[in-house]
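Dropping start.txt in here (compact mmCIF, C-alpha atoms):
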```
# COMPACT_ATOMS: atom_id res chain seq x y z
CA MET A 1 -155.51 66.74 -60.46
CA GLN A 2 -155.98 63.21 -59.13
CA ARG A 3 -153.81 62.31 -56.16
CA PRO A 4 -152.13 58.93 -55.69
CA LYS A 5 -153.82 56.64 -53.18
CA TYR A 6 -150.83 56.57 -50.85
CA VAL A 7 -151.34 60.15 -49.67
CA SER A 8 -154.34 62.16 -48.52
CA ARG A 9 -155.05 65.07 -46.24
CA ARG A 10 -155.72 62.56 -43.46
CA GLY A 11 -152.44 60.74 -44.17
CA THR A 12 -153.30 57.63 -46.18
CA GLU A 13 -156.34 56.11 -47.80
CA ASP A 14 -157.79 52.65 -47.41
CA SER A 15 -157.89 51.31 -50.94
CA GLY A 16 -160.47 48.63 -50.10
CA HIS A 17 -158.09 45.65 -49.92
CA ASN A 18 -158.63 43.20 -47.08
CA GLY A 19 -156.47 42.80 -44.02
CA GLY A 20 -154.69 39.80 -45.51
CA ASP A 21 -153.32 41.89 -48.37
CA LYS A 22 -152.20 44.52 -45.89
CA GLY A 23 -150.50 41.95 -43.68
CA THR A 24 -148.74 40.31 -46.64
CA ALA A 25 -147.48 43.64 -47.99
CA THR A 26 -146.24 44.62 -44.53
CA GLN A 27 -144.42 41.31 -44.08
CA ILE A 28 -142.68 41.67 -47.45
CA LEU A 29 -141.64 45.23 -46.56
CA ARG A 30 -140.25 44.08 -43.22
CA ARG A 31 -138.23 41.33 -44.95
CA CYS A 32 -136.76 43.95 -47.30
CA LEU A 33 -135.92 46.15 -44.32
CA GLN A 34 -134.18 43.29 -42.53
CA LYS A 35 -132.05 42.63 -45.64
CA ALA A 36 -130.98 46.27 -45.69
CA PHE A 37 -130.20 46.28 -41.97
CA ARG A 38 -128.23 43.04 -42.29
CA ILE A 39 -126.02 44.55 -44.99
CA GLU A 40 -125.55 47.64 -42.86
CA ASN A 41 -124.38 45.45 -39.95
CA GLU A 42 -122.31 42.88 -41.83
CA VAL A 43 -120.60 44.81 -44.63
CA PRO A 44 -117.68 46.82 -43.19
CA ASP A 45 -117.58 50.54 -43.87
CA THR A 46 -114.41 51.21 -45.90
CA THR A 47 -114.79 54.96 -46.36
CA SER A 48 -111.78 57.20 -45.85
CA GLU A 49 -111.17 60.91 -45.51
CA PHE A 50 -111.10 61.10 -49.31
CA GLN A 51 -114.35 59.15 -49.83
CA VAL A 52 -117.73 60.28 -48.49
CA ILE A 53 -119.51 56.96 -49.06
CA ASP A 54 -118.74 53.24 -49.42
CA PHE A 55 -119.43 52.23 -53.04
CA ASP A 56 -119.47 48.52 -52.20
CA ARG A 57 -122.23 49.14 -49.69
CA ILE A 58 -124.18 51.25 -52.17
CA GLY A 59 -123.92 48.50 -54.76
CA LEU A 60 -125.45 46.02 -52.32
CA LEU A 61 -128.03 48.33 -50.77
CA TYR A 62 -129.32 50.14 -53.85
CA PRO A 63 -131.47 47.28 -55.26
CA ILE A 64 -132.84 46.56 -51.78
CA LEU A 65 -133.73 50.23 -51.26
CA SER A 66 -135.47 50.16 -54.65
CA ASN A 67 -137.54 47.20 -53.46
CA ILE A 68 -138.29 48.99 -50.19
CA LYS A 69 -139.54 51.98 -52.15
CA GLN A 70 -141.93 49.87 -54.22
CA GLN A 71 -143.14 47.84 -51.25
CA LEU A 72 -143.59 50.95 -49.12
CA ARG A 73 -145.86 52.40 -51.79
CA LYS A 74 -148.01 49.25 -51.58
CA VAL A 75 -148.15 49.38 -47.78
CA LEU A 76 -149.20 53.04 -47.84
CA ALA A 77 -151.87 52.33 -50.46
CA LEU A 78 -153.27 49.70 -48.09
CA ASN A 79 -153.10 52.08 -45.12
CA GLY A 80 -150.72 49.67 -43.43
CA LEU A 81 -147.83 51.83 -42.23
CA SER A 82 -149.11 51.55 -38.65
CA GLN A 83 -148.29 47.82 -38.77
CA VAL A 84 -144.59 48.48 -39.39
CA PRO A 85 -142.66 48.79 -36.10
CA LEU A 86 -141.57 52.33 -35.38
CA GLU A 87 -137.99 51.23 -34.69
CA ASP A 88 -137.76 49.76 -38.20
CA ILE A 89 -139.03 52.96 -39.78
CA LEU A 90 -136.66 55.14 -37.77
CA ARG A 91 -133.73 52.88 -38.61
CA LEU A 92 -134.64 53.09 -42.30
CA ARG A 93 -134.75 56.88 -41.98
CA GLN A 94 -131.30 56.83 -40.39
CA LEU A 95 -129.96 54.67 -43.22
CA CYS A 96 -131.46 57.00 -45.82
CA ASP A 97 -130.01 60.04 -44.05
CA GLU A 98 -126.49 58.73 -44.70
CA TYR A 99 -127.03 58.69 -48.47
CA LEU A 100 -128.98 61.94 -48.47
CA ASN A 101 -126.14 63.77 -46.77
CA ALA A 102 -123.60 62.29 -49.19
CA ALA A 103 -125.65 63.39 -52.23
CA ARG A 104 -126.12 66.79 -50.64
CA ILE A 105 -122.40 67.62 -50.59
CA ILE A 106 -120.86 65.64 -53.45
CA GLU A 107 -119.55 67.68 -56.40
CA PHE A 108 -120.23 66.52 -59.93
CA LYS A 109 -117.34 67.20 -62.32
CA PRO A 110 -118.18 66.56 -66.00
CA GLU A 111 -114.49 66.43 -66.93
CA ASP A 112 -113.73 63.74 -64.32
CA ASN A 113 -114.48 60.68 -66.44
CA PRO A 114 -113.32 58.03 -63.92
CA GLY A 115 -115.37 59.54 -61.08
CA ARG A 116 -118.53 60.55 -62.96
CA GLU A 117 -120.32 57.23 -62.63
CA HIS A 118 -119.50 56.96 -58.93
CA ARG A 119 -120.90 60.42 -58.34
CA ALA A 120 -123.99 59.61 -60.39
CA LEU A 121 -124.53 56.54 -58.21
CA ILE A 122 -124.32 58.67 -55.07
CA PHE A 123 -126.83 61.10 -56.56
CA ASP A 124 -129.16 58.28 -57.52
CA CYS A 125 -128.99 56.63 -54.10
CA GLY A 126 -129.53 59.98 -52.39
CA LEU A 127 -132.61 60.75 -54.49
CA LEU A 128 -133.97 57.24 -53.87
CA SER A 129 -133.44 57.74 -50.13
CA GLY A 130 -135.18 61.11 -50.32
CA TYR A 131 -138.16 59.55 -52.11
CA ILE A 132 -138.42 56.90 -49.38
CA CYS A 133 -138.29 59.57 -46.66
CA LEU A 134 -141.06 61.54 -48.37
CA LEU A 135 -143.19 58.40 -48.61
CA ILE A 136 -142.65 57.69 -44.91
CA ARG A 137 -143.57 61.27 -44.00
CA SER A 138 -146.75 61.04 -46.09
CA GLY A 139 -147.95 58.01 -44.12
CA GLY A 140 -149.70 60.01 -41.43
CA ARG A 141 -148.08 58.47 -38.32
CA GLN A 142 -147.81 61.27 -35.78
CA GLU A 143 -144.69 59.91 -34.07
CA ILE A 144 -142.87 59.87 -37.41
CA GLN A 145 -143.94 63.42 -38.21
CA LEU A 146 -142.46 64.59 -34.90
CA CYS A 147 -139.13 62.93 -35.81
CA SER A 148 -138.98 64.36 -39.33
CA GLY A 149 -136.80 67.30 -38.36
CA ASN A 150 -135.35 69.11 -41.38
CA VAL A 151 -135.72 66.15 -43.77
CA PHE A 152 -137.62 68.28 -46.32
CA GLN A 153 -134.80 70.82 -46.44
CA ILE A 154 -132.19 68.09 -46.84
CA ILE A 155 -134.13 66.46 -49.69
CA SER A 156 -134.66 69.79 -51.47
CA ASP A 157 -130.93 70.53 -51.04
CA VAL A 158 -130.07 67.17 -52.62
CA LEU A 159 -132.38 67.87 -55.54
CA LYS A 160 -130.81 71.32 -55.92
CA ASN A 161 -127.29 69.90 -55.90
CA VAL A 162 -128.11 67.19 -58.44
CA LEU A 163 -129.93 69.47 -60.86
CA GLU A 164 -127.57 72.44 -60.60
CA THR A 165 -124.32 70.48 -60.89
CA CYS A 166 -125.36 67.69 -63.24
CA ILE A 167 -128.10 69.08 -65.49
CA ILE A 168 -128.53 72.85 -65.19
CA LEU A 169 -124.79 73.47 -65.27
CA THR A 170 -124.34 75.65 -68.35
CA LEU A 171 -120.74 74.51 -68.83
CA ILE A 172 -122.11 71.17 -70.02
CA SER A 173 -122.59 71.23 -73.78
CA THR A 174 -125.85 70.19 -75.42
CA ASN A 175 -124.19 67.10 -76.88
CA GLN A 176 -122.76 66.11 -73.50
CA LEU A 177 -126.12 66.66 -71.79
CA ARG A 178 -127.83 64.57 -74.47
CA ASN A 179 -125.29 61.83 -73.84
CA PHE A 180 -125.97 61.97 -70.09
CA ALA A 181 -129.74 61.81 -70.62
CA ASN A 182 -129.57 58.67 -72.76
CA ASN A 183 -126.97 56.60 -70.91
CA GLU A 184 -126.79 54.84 -67.58
CA PRO A 185 -126.36 55.75 -64.81
CA PHE A 186 -127.30 59.35 -65.66
CA ALA A 187 -130.63 58.34 -67.22
CA THR A 188 -131.53 56.74 -63.89
CA VAL A 189 -130.57 59.94 -62.03
CA ILE A 190 -132.78 62.02 -64.34
CA LEU A 191 -135.69 59.61 -63.83
CA ALA A 192 -135.17 59.83 -60.06
CA CYS A 193 -135.33 63.64 -60.30
CA GLU A 194 -138.60 63.39 -62.24
CA GLN A 195 -140.08 61.08 -59.62
CA ILE A 196 -139.08 63.16 -56.62
CA LEU A 197 -140.35 66.36 -58.27
CA GLY A 198 -143.63 64.55 -58.91
CA LEU A 199 -143.91 63.40 -55.30
CA PHE A 200 -143.14 66.89 -53.99
CA ALA A 201 -145.89 68.23 -56.29
CA THR A 202 -148.33 65.70 -54.84
CA LEU A 203 -147.44 66.53 -51.24
CA VAL A 204 -147.44 70.35 -51.32
CA GLY A 205 -151.21 70.37 -50.81
CA ASP A 206 -151.04 67.96 -47.86
CA ILE A 207 -147.92 68.97 -45.94
CA LYS A 208 -147.02 72.44 -44.75
CA PHE A 209 -143.52 73.08 -46.08
CA SER A 210 -141.35 75.81 -44.60
CA GLU A 211 -140.61 78.96 -46.54
CA THR A 212 -136.94 77.94 -46.77
CA VAL A 213 -137.82 74.60 -48.36
CA LEU A 214 -140.20 76.28 -50.80
CA ASP A 215 -137.59 78.90 -51.74
CA THR A 216 -135.02 76.17 -52.45
CA LEU A 217 -137.46 74.20 -54.60
CA GLU A 218 -138.72 77.28 -56.45
CA LEU A 219 -135.28 78.57 -57.39
CA THR A 220 -134.03 75.14 -58.48
CA VAL A 221 -137.14 74.39 -60.54
CA LEU A 222 -137.19 77.80 -62.21
CA LEU A 223 -133.49 77.56 -63.08
CA LEU A 224 -134.21 74.22 -64.73
CA LEU A 225 -137.12 75.74 -66.67
CA PHE A 226 -135.31 78.89 -67.77
CA THR A 227 -131.74 77.74 -68.37
CA ASP A 228 -131.03 77.71 -72.08
CA ASN A 229 -128.71 74.73 -72.38
CA GLY A 230 -130.57 72.79 -75.00
CA THR A 231 -132.70 70.74 -72.64
CA GLU A 232 -135.49 70.51 -75.21
CA LYS A 233 -133.05 68.76 -77.53
CA THR A 234 -131.70 66.36 -74.94
CA GLY A 235 -134.68 64.20 -73.98
CA LEU A 236 -135.37 66.11 -70.75
CA LYS A 237 -138.91 67.20 -71.62
CA LYS A 238 -140.45 64.96 -68.93
CA LEU A 239 -138.12 66.38 -66.31
CA ARG A 240 -139.06 69.95 -67.20
CA THR A 241 -142.76 69.03 -67.24
CA ALA A 242 -142.41 67.62 -63.72
CA ALA A 243 -140.65 70.81 -62.65
CA LEU A 244 -143.39 72.96 -64.16
CA ASN A 245 -146.07 70.93 -62.40
CA LEU A 246 -144.34 71.44 -59.04
CA ILE A 247 -144.08 75.21 -59.42
CA VAL A 248 -147.76 75.35 -60.46
CA GLN A 249 -148.77 73.38 -57.35
CA VAL A 250 -146.72 75.62 -55.06
CA PHE A 251 -148.24 78.70 -56.70
CA TYR A 252 -151.74 77.25 -56.21
CA TYR A 253 -151.45 76.11 -52.59
CA TYR A 254 -149.14 78.78 -51.14
CA SER A 255 -150.53 82.21 -51.85
CA THR A 256 -147.77 83.82 -49.77
CA GLN A 257 -145.16 82.41 -52.17
CA ARG A 258 -146.73 83.88 -55.31
CA PRO A 259 -144.88 87.24 -55.20
CA SER A 260 -141.59 85.39 -54.64
CA ILE A 261 -142.22 83.06 -57.59
CA LEU A 262 -143.14 85.92 -59.91
CA ASN A 263 -140.10 87.91 -58.79
CA LYS A 264 -137.78 84.96 -59.47
CA ILE A 265 -139.33 84.52 -62.92
CA LEU A 266 -138.78 88.20 -63.74
CA ILE A 267 -135.15 88.06 -62.60
CA LEU A 268 -134.49 84.97 -64.71
CA LEU A 269 -136.18 86.52 -67.74
CA LYS A 270 -134.02 89.62 -67.41
CA LYS A 271 -130.89 87.45 -67.27
CA MET A 272 -132.01 85.57 -70.38
CA LEU A 273 -132.63 88.80 -72.27
CA ALA A 274 -129.29 90.22 -71.15
CA SER A 275 -127.43 87.15 -72.40
```

Please re-express this file's structure in structure tokens.
Amino acid sequence: MQRPKYVSRRGTEDSGHNGGDKGTATQILRRCLQKAFRIENEVPDTTSEFQVIDFDRIGLLYPILSNIKQQLRKVLALNGLSQVPLEDILRLRQLCDEYLNAARIIEFKPEDNPGREHRALIFDCGLLSGYICLLIRSGGRQEIQLCSGNVFQIISDVLKNVLETCIILTLISTNQLRNFANNEPFATVILACEQILGLFATLVGDIKFSETVLDTLELTVLLLLFTDNGTEKTGLKKLRTAALNLIVQVFYYYSTQRPSILNKILILLKKMLAS
């Protein structure tokens, strides 16, 4: 399977572009970062004990984080992450951590119509933040790798929470799930899940994930593949294909995980037969 140019076993690849392209891409990324940091500084945090995140801030930051994601991909493809100041990268990581932690703990309630879109926005921003963190970690800068901490576990926990409470949840009817899959902002959340599953699948051969992270990913992915809630009828085929690709990559690169994967599959098959 061909790997994207922004990751390799040495960190990143030089795609052959000249230094001017690299410098331009880095400058654009830094301008995007400064916009995000300015909003963080200037927009007051209005969260309360009943609200885990500021929706006004998310509304302002989300499009900028989307631009950062796209520009970061370009910088990595040009092997230019070393030109981005470490303090900017660490501050971006800190900003992303806020939205990752919110998406990690938020509860999705299908019956809560007024709050569903807000929760979907938190999920979407958390997944976007996780994708950015994975891109940063794939860049090969040693000082960033040392600061990564448990970011992989947090991202896999976010993915687990999103999939298990918003998509895998068997209490959601097929019609309701189909409605989610075809309407904003849930369609964006599903696309974000596809993308982060795809990036995890790309990175499992390059980064040594802990057994805990792998267990979380395996169980979540297999539940998505084996839950009979009409996903084939709801436009989620791409999501399940991305999940299948991830479990195949883990099975291929981590021989020690193979018995665990097979055991989980057998348990899920027994549950399906019993029901």

Which residues come within 10 Å of Asp88 (chain A), counting only C-alpha atoms, excluding same-chain residues fewer than 2 positions away, as an NGL selection string? :A and (30 or 33-34 or 37 or 84-86 or 90-94)

Against region 237-261 of chain A, which residues of region 199-226 of chain A fall within 7 Å? For each one I want the closest pair of atoms and the distance in Å (one decimal), counting only C-alpha atoms, rows by chain and increasing residue number, as a Markdown table.
```
| residue | atom | partner | partner_atom | distance |
| --- | --- | --- | --- | --- |
| A:Phe200 | CA | A:Leu246 | CA | 6.9 |
| A:Ala201 | CA | A:Leu246 | CA | 4.5 |
| A:Val204 | CA | A:Val250 | CA | 6.5 |
| A:Gly205 | CA | A:Tyr253 | CA | 6.0 |
| A:Glu218 | CA | A:Ile247 | CA | 6.5 |
| A:Val221 | CA | A:Ala243 | CA | 5.4 |
| A:Leu224 | CA | A:Arg240 | CA | 6.9 |
| A:Leu225 | CA | A:Arg240 | CA | 6.1 |
```

How many Å lie between CA of Phe152 (chain A) and CA of Val213 (chain A), rounded to one decimal? 6.6 Å

Distance in Å - CA of Asp21 (chain A) versus CA of Leu76 (chain A): 11.9 Å

Could you state the separation of CA of Ile136 (chain A) and CA of Glu194 (chain A) in Å, given to one decimal place? 18.7 Å

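If only C-alpha atoms are the atoms counted, then among A:Leu78, A:Ile144, A:Leu29, A:Ile58 the closest residue to Leu128 (chain A) is A:Ile58.
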
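Comparing A:Asn263, A:Thr188, A:Gln83, A:Thr216 by their smallest distance to Arg141 (chain A), the closest is A:Gln83 (using all atoms listed in the file).
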
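Counting all atoms listed in the file and comparing A:Leu217, A:Cys166, A:Leu203, A:Leu65, the residue that lies closest to Arg137 (chain A) is A:Leu203.
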
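Remark: for Leu159 (chain A), the closest of the candidate residues A:Thr26, A:Ser66, A:Asn101, A:Asn79 is A:Asn101 (distances computed over all atoms listed in the file).
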
Please output region 148-164 of chain A, rebuilt to include N, CA and C atoms, as a PDB file, in the coordinates of the input.
```
ATOM      1  N   SER A 148    -139.402  64.030 -37.972  1.00  0.00           N
ATOM      2  CA  SER A 148    -138.980  64.360 -39.330  1.00  0.00           C
ATOM      3  C   SER A 148    -137.862  65.385 -39.377  1.00  0.00           C
ATOM      4  N   GLY A 149    -137.853  66.303 -38.395  1.00  0.00           N
ATOM      5  CA  GLY A 149    -136.800  67.300 -38.360  1.00  0.00           C
ATOM      6  C   GLY A 149    -136.739  68.122 -39.643  1.00  0.00           C
ATOM      7  N   ASN A 150    -135.529  68.288 -40.175  1.00  0.00           N
ATOM      8  CA  ASN A 150    -135.350  69.110 -41.380  1.00  0.00           C
ATOM      9  C   ASN A 150    -135.208  68.250 -42.632  1.00  0.00           C
ATOM     10  N   VAL A 151    -135.870  67.082 -42.653  1.00  0.00           N
ATOM     11  CA  VAL A 151    -135.720  66.150 -43.770  1.00  0.00           C
ATOM     12  C   VAL A 151    -136.140  66.791 -45.092  1.00  0.00           C
ATOM     13  N   PHE A 152    -137.179  67.643 -45.079  1.00  0.00           N
ATOM     14  CA  PHE A 152    -137.620  68.280 -46.320  1.00  0.00           C
ATOM     15  C   PHE A 152    -136.550  69.201 -46.877  1.00  0.00           C
ATOM     16  N   GLN A 153    -135.862  69.923 -45.988  1.00  0.00           N
ATOM     17  CA  GLN A 153    -134.800  70.820 -46.440  1.00  0.00           C
ATOM     18  C   GLN A 153    -133.628  70.019 -47.000  1.00  0.00           C
ATOM     19  N   ILE A 154    -133.292  68.921 -46.350  1.00  0.00           N
ATOM     20  CA  ILE A 154    -132.190  68.090 -46.840  1.00  0.00           C
ATOM     21  C   ILE A 154    -132.507  67.538 -48.220  1.00  0.00           C
ATOM     22  N   ILE A 155    -133.732  67.033 -48.402  1.00  0.00           N
ATOM     23  CA  ILE A 155    -134.130  66.460 -49.690  1.00  0.00           C
ATOM     24  C   ILE A 155    -134.130  67.529 -50.779  1.00  0.00           C
ATOM     25  N   SER A 156    -134.652  68.706 -50.468  1.00  0.00           N
ATOM     26  CA  SER A 156    -134.660  69.790 -51.470  1.00  0.00           C
ATOM     27  C   SER A 156    -133.233  70.247 -51.785  1.00  0.00           C
ATOM     28  N   ASP A 157    -132.330  70.195 -50.791  1.00  0.00           N
ATOM     29  CA  ASP A 157    -130.930  70.530 -51.040  1.00  0.00           C
ATOM     30  C   ASP A 157    -130.264  69.503 -51.954  1.00  0.00           C
ATOM     31  N   VAL A 158    -130.612  68.229 -51.752  1.00  0.00           N
ATOM     32  CA  VAL A 158    -130.070  67.170 -52.620  1.00  0.00           C
ATOM     33  C   VAL A 158    -130.546  67.382 -54.048  1.00  0.00           C
ATOM     34  N   LEU A 159    -131.826  67.635 -54.209  1.00  0.00           N
ATOM     35  CA  LEU A 159    -132.380  67.870 -55.540  1.00  0.00           C
ATOM     36  C   LEU A 159    -131.705  69.070 -56.195  1.00  0.00           C
ATOM     37  N   LYS A 160    -131.487  70.115 -55.426  1.00  0.00           N
ATOM     38  CA  LYS A 160    -130.810  71.320 -55.920  1.00  0.00           C
ATOM     39  C   LYS A 160    -129.394  70.990 -56.380  1.00  0.00           C
ATOM     40  N   ASN A 161    -128.673  70.243 -55.557  1.00  0.00           N
ATOM     41  CA  ASN A 161    -127.290  69.900 -55.900  1.00  0.00           C
ATOM     42  C   ASN A 161    -127.228  69.053 -57.162  1.00  0.00           C
ATOM     43  N   VAL A 162    -128.105  68.075 -57.267  1.00  0.00           N
ATOM     44  CA  VAL A 162    -128.110  67.190 -58.440  1.00  0.00           C
ATOM     45  C   VAL A 162    -128.424  67.979 -59.702  1.00  0.00           C
ATOM     46  N   LEU A 163    -129.504  68.755 -59.665  1.00  0.00           N
ATOM     47  CA  LEU A 163    -129.930  69.470 -60.860  1.00  0.00           C
ATOM     48  C   LEU A 163    -128.940  70.562 -61.255  1.00  0.00           C
ATOM     49  N   GLU A 164    -128.436  71.318 -60.277  1.00  0.00           N
ATOM     50  CA  GLU A 164    -127.570  72.440 -60.600  1.00  0.00           C
ATOM     51  C   GLU A 164    -126.177  72.002 -61.056  1.00  0.00           C
TER      52      GLU A 164
END
```
